[in-house]
Structures are given as C-alpha cells and as structure tokens.
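**Student:** Please find protein-v9.cif (mmCIF, C-alpha atoms and all ligand atoms) on the next line:
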data_start
loop_
_atom_site.label_atom_id
_atom_site.label_comp_id
_atom_site.auth_asym_id
_atom_site.auth_seq_id
_atom_site.Cartn_x
_atom_site.Cartn_y
_atom_site.Cartn_z
CA MET A 1 85.33 109.15 96.20
CA PRO A 2 88.82 108.41 97.45
CA GLU A 3 89.76 110.65 100.41
CA LEU A 4 93.11 111.17 102.09
CA PRO A 5 93.53 107.61 103.49
CA GLU A 6 92.66 105.98 100.16
CA VAL A 7 94.91 108.31 98.17
CA GLU A 8 97.71 107.79 100.68
CA THR A 9 97.34 104.02 100.34
CA ILE A 10 97.53 104.35 96.55
CA ARG A 11 100.50 106.71 96.91
CA ARG A 12 102.43 104.08 98.83
CA GLY A 13 101.67 101.43 96.21
CA LEU A 14 102.53 103.70 93.29
CA GLY A 15 105.63 105.08 94.99
CA ALA A 16 107.03 101.60 95.59
CA ALA A 17 106.31 100.51 92.01
CA VAL A 18 107.92 103.48 90.26
CA ALA A 19 110.79 104.37 92.64
CA GLY A 20 113.94 104.99 90.60
CA ARG A 21 112.25 103.72 87.41
CA ARG A 22 112.46 105.58 84.13
CA ILE A 23 109.43 106.20 81.97
CA GLU A 24 109.97 104.75 78.50
CA ARG A 25 106.83 106.29 77.08
CA VAL A 26 103.21 106.98 77.92
CA GLU A 27 100.08 106.30 75.98
CA TRP A 28 96.71 108.02 76.13
CA LEU A 29 93.54 106.09 75.47
CA ASP A 30 91.50 109.09 76.59
CA PRO A 31 93.42 112.36 76.47
CA ARG A 32 90.44 114.28 77.88
CA LEU A 33 91.72 113.57 81.39
CA VAL A 34 94.53 116.02 80.80
CA ARG A 35 93.77 119.50 82.12
CA GLY A 36 95.75 122.67 82.43
CA THR A 37 97.94 124.35 79.86
CA VAL A 38 99.91 121.31 78.70
CA ASP A 39 98.00 119.03 76.31
CA ALA A 40 98.21 115.23 76.20
CA ASP A 41 100.71 115.00 73.32
CA THR A 42 103.03 117.57 74.85
CA LEU A 43 102.73 115.83 78.19
CA ALA A 44 103.63 112.49 76.61
CA ALA A 45 106.77 114.08 75.14
CA ARG A 46 107.72 115.63 78.48
CA LEU A 47 107.28 112.39 80.42
CA ALA A 48 109.29 110.17 78.08
CA GLY A 49 112.72 109.46 79.55
CA ARG A 50 112.03 110.95 82.97
CA THR A 51 113.00 109.12 86.16
CA THR A 52 110.84 109.15 89.27
CA ARG A 53 112.20 111.10 92.16
CA HIS A 54 109.32 110.70 94.59
CA VAL A 55 105.58 110.19 94.70
CA GLY A 56 104.01 112.56 97.21
CA ARG A 57 100.50 113.55 98.12
CA HIS A 58 98.68 116.72 99.07
CA GLY A 59 95.11 116.20 100.22
CA LYS A 60 93.47 114.00 97.58
CA PHE A 61 96.10 114.76 94.90
CA LEU A 62 99.00 112.49 93.99
CA LEU A 63 102.20 114.36 93.13
CA TRP A 64 104.49 112.27 90.93
CA ARG A 65 107.81 114.12 90.92
CA PHE A 66 110.71 113.54 88.55
CA THR A 67 114.44 114.11 88.70
CA GLY A 68 115.28 117.23 86.79
CA GLY A 69 112.01 118.88 87.84
CA GLY A 70 108.35 118.76 86.93
CA MET A 71 105.54 116.80 88.46
CA LEU A 72 102.48 114.95 87.30
CA VAL A 73 99.46 115.85 89.42
CA LEU A 74 96.80 113.15 89.50
CA HIS A 75 93.32 113.38 90.98
CA LEU A 76 91.26 110.20 90.98
CA GLY A 77 87.87 111.90 90.94
CA MET A 78 84.95 109.67 91.90
CA SER A 79 86.09 106.29 90.68
CA GLY A 80 89.68 106.55 89.45
CA ARG A 81 92.08 103.69 90.12
CA ILE A 82 95.79 103.27 89.58
CA LEU A 83 97.10 99.82 88.79
CA VAL A 84 100.81 99.15 89.21
CA SER A 85 103.22 96.38 88.19
CA VAL A 86 100.95 95.40 85.32
CA PRO A 87 102.69 93.09 82.82
CA PRO A 88 102.50 94.46 79.26
CA THR A 89 100.81 91.26 78.07
CA GLU A 90 97.79 91.89 80.28
CA PRO A 91 94.80 93.21 78.28
CA TYR A 92 93.57 96.67 79.16
CA ALA A 93 90.75 96.70 81.70
CA PRO A 94 87.64 98.58 80.55
CA HIS A 95 87.98 102.37 81.04
CA THR A 96 91.77 102.35 80.94
CA HIS A 97 92.68 105.90 79.92
CA PHE A 98 96.38 106.36 80.57
CA VAL A 99 99.27 103.89 80.42
CA VAL A 100 102.83 104.51 81.60
CA ARG A 101 105.48 102.10 80.31
CA LEU A 102 108.38 101.84 82.74
CA SER A 103 111.99 100.87 82.18
CA ASP A 104 111.51 97.64 84.15
CA GLY A 105 108.98 96.43 81.57
CA PHE A 106 105.95 96.87 83.81
CA GLN A 107 103.16 99.38 83.35
CA VAL A 108 101.19 101.80 85.49
CA ARG A 109 97.60 102.16 84.28
CA LEU A 110 94.91 104.66 85.18
CA VAL A 111 91.37 103.28 85.06
CA ASP A 112 88.43 105.61 85.60
CA PRO A 113 84.89 104.51 84.65
CA ARG A 114 83.25 107.83 85.53
CA ARG A 115 86.02 110.02 84.13
CA PHE A 116 86.02 112.62 86.89
CA GLY A 117 89.73 112.09 87.36
CA ARG A 118 92.22 114.59 86.03
CA ILE A 119 95.89 114.85 85.19
CA VAL A 120 97.87 118.07 85.13
CA TRP A 121 101.53 118.71 84.39
CA GLU A 122 103.24 121.23 86.65
CA GLU A 123 106.66 122.42 85.54
CA ARG A 124 107.58 123.41 89.07
CA ALA A 125 107.24 120.60 91.59
CA GLY A 126 106.03 122.73 94.46
CA ARG A 127 102.85 122.93 96.44
CA LEU A 128 99.43 123.19 94.86
CA PRO A 129 98.36 126.80 95.38
CA ALA A 130 94.58 126.30 95.44
CA LEU A 131 94.69 123.85 98.33
CA GLY A 132 94.81 124.40 102.06
CA PRO A 133 97.33 122.48 104.16
CA ASP A 134 97.17 118.71 104.09
CA ALA A 135 95.07 117.43 107.00
CA LEU A 136 98.00 115.35 108.30
CA ASP A 137 100.61 118.09 107.87
CA PRO A 138 102.00 118.86 111.35
CA ARG A 139 101.93 122.55 110.39
CA TRP A 140 98.14 122.37 110.25
CA THR A 141 97.63 122.96 113.96
CA ALA A 142 94.49 123.19 116.10
CA ASP A 143 95.24 126.88 116.61
CA ARG A 144 95.32 127.50 112.89
CA PHE A 145 92.07 125.55 112.45
CA ALA A 146 90.42 127.53 115.27
CA ALA A 147 91.48 130.85 113.75
CA GLU A 148 89.91 129.91 110.40
CA LEU A 149 86.69 128.63 111.92
CA ALA A 150 86.23 131.72 114.11
CA ARG A 151 85.72 133.79 110.95
CA ARG A 152 83.26 131.44 109.24
CA SER A 153 79.53 131.03 109.76
CA ALA A 154 79.06 128.08 107.38
CA PRO A 155 78.16 124.69 108.87
CA ILE A 156 81.29 122.90 110.11
CA LYS A 157 80.63 119.93 107.83
CA ALA A 158 80.65 122.18 104.75
CA LEU A 159 83.98 123.68 105.80
CA LEU A 160 85.56 120.27 106.38
CA LEU A 161 84.76 119.43 102.76
CA ASP A 162 86.25 122.72 101.49
CA GLN A 163 89.69 121.71 100.20
CA ARG A 164 90.87 125.34 100.31
CA LEU A 165 90.59 125.31 104.11
CA VAL A 166 92.16 121.91 104.73
CA ALA A 167 92.92 119.29 102.08
CA GLY A 168 92.11 115.60 102.10
CA ILE A 169 88.85 115.27 104.03
CA GLY A 170 85.70 114.06 102.27
CA ASN A 171 82.24 112.93 103.29
CA ILE A 172 83.15 109.70 105.06
CA TYR A 173 85.97 110.88 107.32
CA ALA A 174 84.24 114.23 108.02
CA ASP A 175 81.20 112.40 109.39
CA GLU A 176 83.33 110.00 111.42
CA ALA A 177 85.40 112.80 112.93
CA LEU A 178 82.36 114.95 113.80
CA TYR A 179 80.84 111.94 115.53
CA ALA A 180 84.03 111.18 117.44
CA ALA A 181 84.20 114.81 118.55
CA GLY A 182 80.49 115.01 119.47
CA ILE A 183 79.72 117.89 117.08
CA ASP A 184 76.57 118.40 115.00
CA PRO A 185 77.49 118.62 111.29
CA ARG A 186 75.21 121.69 110.94
CA MET A 187 76.96 123.63 113.71
CA PRO A 188 77.98 127.09 112.45
CA ALA A 189 81.79 127.04 112.62
CA ARG A 190 82.17 130.26 114.57
CA MET A 191 79.75 128.98 117.23
CA MET A 192 82.11 126.14 118.16
CA THR A 193 83.93 126.38 121.45
CA GLU A 194 87.71 126.24 121.45
CA ASP A 195 87.45 122.89 123.19
CA ALA A 196 85.15 121.58 120.44
CA VAL A 197 87.58 122.73 117.74
CA ARG A 198 90.45 120.95 119.51
CA ARG A 199 88.42 117.77 119.86
CA LEU A 200 87.53 117.90 116.17
CA HIS A 201 91.13 118.53 115.10
CA ARG A 202 92.26 115.55 117.16
CA ALA A 203 89.40 113.39 115.85
CA LEU A 204 90.22 114.25 112.22
CA ARG A 205 93.84 113.21 112.65
CA SER A 206 92.75 110.05 114.41
CA VAL A 207 90.16 108.90 111.85
CA LEU A 208 92.47 109.66 108.92
CA ARG A 209 95.37 107.74 110.47
CA ARG A 210 93.12 104.79 111.25
CA GLY A 211 91.87 104.87 107.66
CA ILE A 212 95.44 104.68 106.38
CA ARG A 213 96.27 101.89 108.82
CA ASP A 214 93.36 99.88 107.37
CA GLY A 215 94.34 100.57 103.76
CA GLY A 216 91.36 102.90 103.19
CA THR A 217 87.60 102.48 103.07
CA THR A 218 85.88 100.57 100.29
CA ILE A 219 82.20 101.40 99.95
CA ARG A 220 81.76 100.71 96.25
CA THR A 221 84.68 101.04 93.92
CA TYR A 222 87.88 101.90 95.74
CA LEU A 223 90.78 99.46 95.38
CA ASP A 224 94.43 100.08 96.16
CA ALA A 225 97.24 99.99 93.59
CA ALA A 226 97.52 96.22 93.97
CA GLY A 227 93.77 95.79 93.42
CA ARG A 228 92.87 95.11 97.06
CA PRO A 229 89.84 96.69 98.80
CA GLY A 230 90.35 98.81 101.93
CA ARG A 231 89.53 97.27 105.31
CA HIS A 232 88.21 100.36 107.09
CA ALA A 233 84.51 100.15 106.12
CA ALA A 234 83.87 97.74 109.02
CA GLU A 235 85.24 100.37 111.43
CA LEU A 236 82.85 103.16 110.39
CA LEU A 237 80.63 104.27 113.28
CA VAL A 238 78.16 106.64 111.55
CA TYR A 239 78.80 106.95 107.81
CA GLY A 240 76.13 105.06 105.86
CA ARG A 241 74.52 103.75 109.07
CA ARG A 242 71.18 105.57 109.11
CA GLY A 243 68.76 103.85 111.52
CA VAL A 244 71.45 101.69 113.12
CA PRO A 245 71.74 102.23 116.91
CA CYS A 246 74.64 104.49 117.93
CA ARG A 247 77.37 102.35 119.49
CA HIS A 248 77.72 104.90 122.26
CA CYS A 249 74.12 105.70 123.30
CA GLY A 250 71.80 103.46 121.28
CA THR A 251 69.97 106.32 119.54
CA PRO A 252 69.35 105.52 115.85
CA ILE A 253 71.87 107.24 113.57
CA ALA A 254 70.16 109.98 111.55
CA SER A 255 71.05 111.75 108.31
CA VAL A 256 70.68 115.33 107.15
CA ARG A 257 71.73 117.25 104.01
CA VAL A 258 74.56 119.70 104.63
CA ALA A 259 76.14 121.58 101.71
CA GLY A 260 74.37 119.24 99.30
CA ARG A 261 75.85 116.10 100.84
CA THR A 262 74.23 113.52 103.08
CA SER A 263 75.67 113.69 106.60
CA TYR A 264 75.26 110.88 109.10
CA TYR A 265 75.23 111.72 112.79
CA CYS A 266 73.91 110.70 116.20
CA PRO A 267 71.25 113.22 117.34
CA GLN A 268 72.10 112.44 120.96
CA CYS A 269 75.92 112.32 121.00
CA GLN A 270 76.19 115.19 118.51
CA GLY A 271 73.63 117.40 120.24
CA PRO A 272 74.02 121.10 120.93
CA GLN A 273 76.76 120.64 123.52
CA GLY A 274 79.43 121.87 121.10
CA SER A 275 77.80 125.30 121.02
CA ARG A 276 79.59 128.12 122.75
CA LEU A 277 76.29 129.57 123.97
CA LEU A 278 75.12 126.39 125.61
CA GLN A 279 78.49 125.56 127.06
CA ASP A 280 78.76 129.05 128.52
CA ALA A 281 75.37 128.44 130.12
CA GLY A 282 76.94 125.62 132.11
CA ARG A 283 75.87 122.51 130.26
CA GLU A 284 77.76 119.36 131.04
CA ALA A 285 80.92 118.61 129.11
CA PRO A 286 80.46 117.11 125.64
CA VAL A 287 80.90 113.44 124.90
CA GLY A 288 84.58 112.73 124.42
CA ALA A 289 86.15 111.09 121.41
CA THR A 290 84.91 107.54 121.06
CA LEU A 291 87.66 106.42 118.72
ZN ZN B 1 74.92 108.41 120.25
#
Represent the structure of the file as structure tokens.

**Tutor:**
Amino acid sequence: MPELPEVETIRRGLGAAVAGRRIERVEWLDPRLVRGTVDADTLAARLAGRTTRHVGRHGKFLLWRFTGGGMLVLHLGMSGRILVSVPPTEPYAPHTHFVVRLSDGFQVRLVDPRRFGRIVWEERAGRLPALGPDALDPRWTADRFAAELARRSAPIKALLLDQRLVAGIGNIYADEALYAAGIDPRMPARMMTEDAVRRLHRALRSVLRRGIRDGGTTIRTYLDAAGRPGRHAAELLVYGRRGVPCRHCGTPIASVRVAGRTSYYCPQCQGPQGSRLLQDAGREAPVGATL
C-alpha cells in the first residue's frame, strides 16, 4: 500500500502534469470508486471546466484543489496508480477506472486492480477532519507526539498505523523507524521513555524523507505517475527481511503480529531498553538511530 513517500512522489508527478491546466471533462469507467455525498455524475459535472490550483497531500491522501474552490480527494488504497501525460490515443490499461481529459490534450488516468482506492469531492478545500497531522508537518512536534503516547496503552506499532494520531505512516516505514529508534513494535506507548519518543519522532521523519528522496518503495505494485518503480526497497533494513542478519548486530530479523499486521524487528537492537521501567533501573542507553 502506498504510504507517505509514495503518495508524495505521485503528488509531485501529478502536480507538475496538471498545474494550470483546465479539465475539459472526466469519464468514469467504474463509478464505484466515488464515495461521500456527491455521486459520480454530479462529480463529473462539477469537475468539467475547473482549473487546477494546486495538488497537495495530507498523509496518504492526495488533495487536488481547483481555482474557485473545491477539491478532489484521492486515496490510492492497496494498488491504485495515477498515470499522467497519457496521450488520448493510448488504449486504456486494464483496471482503468477514472479518466481526466485536460485542456492540453493529455489525460490523467486512475488505475486500480484491487479497487480499494476512493475518490471524494469536498466543496471546501480545507483539511481532512478525520486525520491527524501529516507526519512531515512541522507542527507535528515530538512534544505533541509524546503527549498523545503518554495517554495510550496500545502497542506503539498499532498507534503509528492509526491515521487519526498521525497521518501517512504505514507498515513499511513504521517498522523501519522503530528499528532505527531501537524500539520494540509491541512496546505499550505509555511505557516509552521521553528519550525513546524523541528518537522515534526523529526516526520517522528521517525514514519518510529518505523514502521520498528515493521516489518511494516498490515491493509489488507501486509505480510513480510516470510509471517508474521507487528505489527505496534496497535501503530497507528490517521490513520483509525475516531471518536476514541485522546489519547492526547480526541477530536474525524476526517478525511478530501487531494489530493484525506483520511487524519486522531485531530482537536484540529493539529489546526492552526503550521501557521506562528498565531505563529507570539504570540499563545502558538504547541503540541510537542507525539511519
Ligand atoms: Zn540488531
């Protein structure tokens, strides 16, 4: 599933392709992707003639804003892809569900084999109320993160995946950040020391930025708006690496189910040293960020 770095990479591709362009008309091949109160036909009527103001992002959502107001909110689900600068003569790829015809003659197409993607029209182009702050928003500070975690007893990994707490992090970057910060994915959030929370906050920002720098992570299906795979998979240190020796200590990477998702971690580097109890008892300082 595309996470913040993949969606950001797509945002940049889409933003460049539609900047200042007017939508001539849109076409639905599968209107079931449209959610919310505005149906596909109404949405088609509202989009026709609109000019792009800006393509933004909040967490894993793309926010396509138009002059004169309104925004198209796109979520790519498990396998959604956006293709840009497609010539109209090019045949539709399988599972093409939504086509936007632009004033420059090119098309934007949404392809989604598994159909978990969704499209919602918002009349007011503001923030998405159900989401926490974007993980790269400077207003999402370590202090704010610490205050939230202090009240929660769920495993830290489960909270990182909760988009209402902080938006944009998914399974891959959560595992990488927990590893970089030396924190067990099962650690109850309120048991984390302040130092551990700060390390994790820093590690999250770092792994997400590195993911963006590499154009995202392609495990199976993800491709950017120009159809290129991400280059970050080779940089992953724990995700998907069960049994492979940890680059830091040589212990085989293990996996465990947390909140219904497989979590990869190093049993040695992500031992109990993040726990407030053990740290208070004078254990040595945790392993620092390895990224
Ligand atoms: Zn290790």

**Student:** Looking at all atoms listed in the file, which of A:Arg21, A:His232, A:Arg257, A:Arg205 is the one that sits closest to A:Ala135?

**Tutor:**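 Among the listed residues, A:Arg205 lies closest to A:Ala135.
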
**Student:** What is the distance, in Å and to one decimal place, between atom CA of A:Trp121 and atom CA of A:Val73?

**Tutor:**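 Computing the Euclidean distance for atom CA of A:Trp121 and atom CA of A:Val73 yields 6.1 Å.
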
**Student:** Can I get the residues close to ligand ZN 1 (chain B) as a ChimeraX atom specification, where close means within 7 Å and we count all atoms listed in the file?

**Tutor:** /A:246-251,266-269

**Student:** Go ahead and compute the interatomic distance for atom CA of A:Leu43 and atom CA of A:Trp28, in Å to one decimal.

**Tutor:**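 Taking atom CA of A:Leu43 and atom CA of A:Trp28, their separation equals 10.1 Å.
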
**Student:** With all atoms listed in the file as the basis for distance, which of A:Val7, A:Leu102, A:Val258, A:Met71 is at the shortest distance from A:Gly49?

**Tutor:**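 Nearest to A:Gly49: A:Leu102.
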
**Student:** Between A:His75, A:Arg199, A:His95, A:Arg12, which has the minimum distance to A:Gly215 (counting only C-alpha atoms)?

**Tutor:**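 Closest candidate: A:Arg12.
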
**Student:** Would you please work out which residue, of A:Gly132, A:Gly170, A:Gly77, A:Pro94, is nearest to A:Val111 when using all atoms listed in the file?

**Tutor:** A:Pro94

**Student:** Tell me which protein, DNA and RNA residues are within 9 Å of stretch 173-178 of chain A, counting all atoms listed in the file, leaving out same-chain ones fewer than 6 positions away, and put them as a ChimeraX atom specification.

**Tutor:** /A:3-4,156-157,160-161,184-185,200-208,211,236-239,263-265,270,289,291

**Student:** Of the candidates A:Arg53, A:Arg114, A:Arg65, A:Arg144, which one gets nearest to A:Arg198 if we count only C-alpha atoms?

**Tutor:**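 Checking each of A:Arg53, A:Arg114, A:Arg65, A:Arg144 against A:Arg198, counting only C-alpha atoms, the winner is A:Arg144.
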
**Student:** Which neighbours of A:Met78 fall inside 7 Å, counting all atoms listed in the file, when residues of the same chain fewer than 5 positions from it are skipped, and could you give them as a ChimeraX atom specification?

**Tutor:** /A:1-2,114,116

**Student:** Here's a test: counting only C-alpha atoms, identify every protein, DNA and RNA residue with an atom at most 12 Å from (97.2, 98.3, 109.2) in the file's coordinate frame, and state them as a list in words.

**Tutor:**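 Every residue inside that radius is included here: Pro5, Thr9, Arg209, Arg210, Gly211, Ile212, Arg213, Asp214, Gly215, Gly216, Gly230, Arg231 and His232 of chain A.
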
**Student:** Pick from A:Ala45, A:Ala259, A:Ile253, A:Met191: nearest to A:Arg151, with all atoms listed in the file counted?

**Tutor:**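 Distance minimum relative to A:Arg151 lands on A:Met191.
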
**Student:** What does the structure give for the distance between atom CA of A:Arg109 and atom CA of A:Ile219, in Å to one decimal?

**Tutor:**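 Spanning atom CA of A:Arg109 to atom CA of A:Ile219 is a straight-line distance of 22.0 Å.
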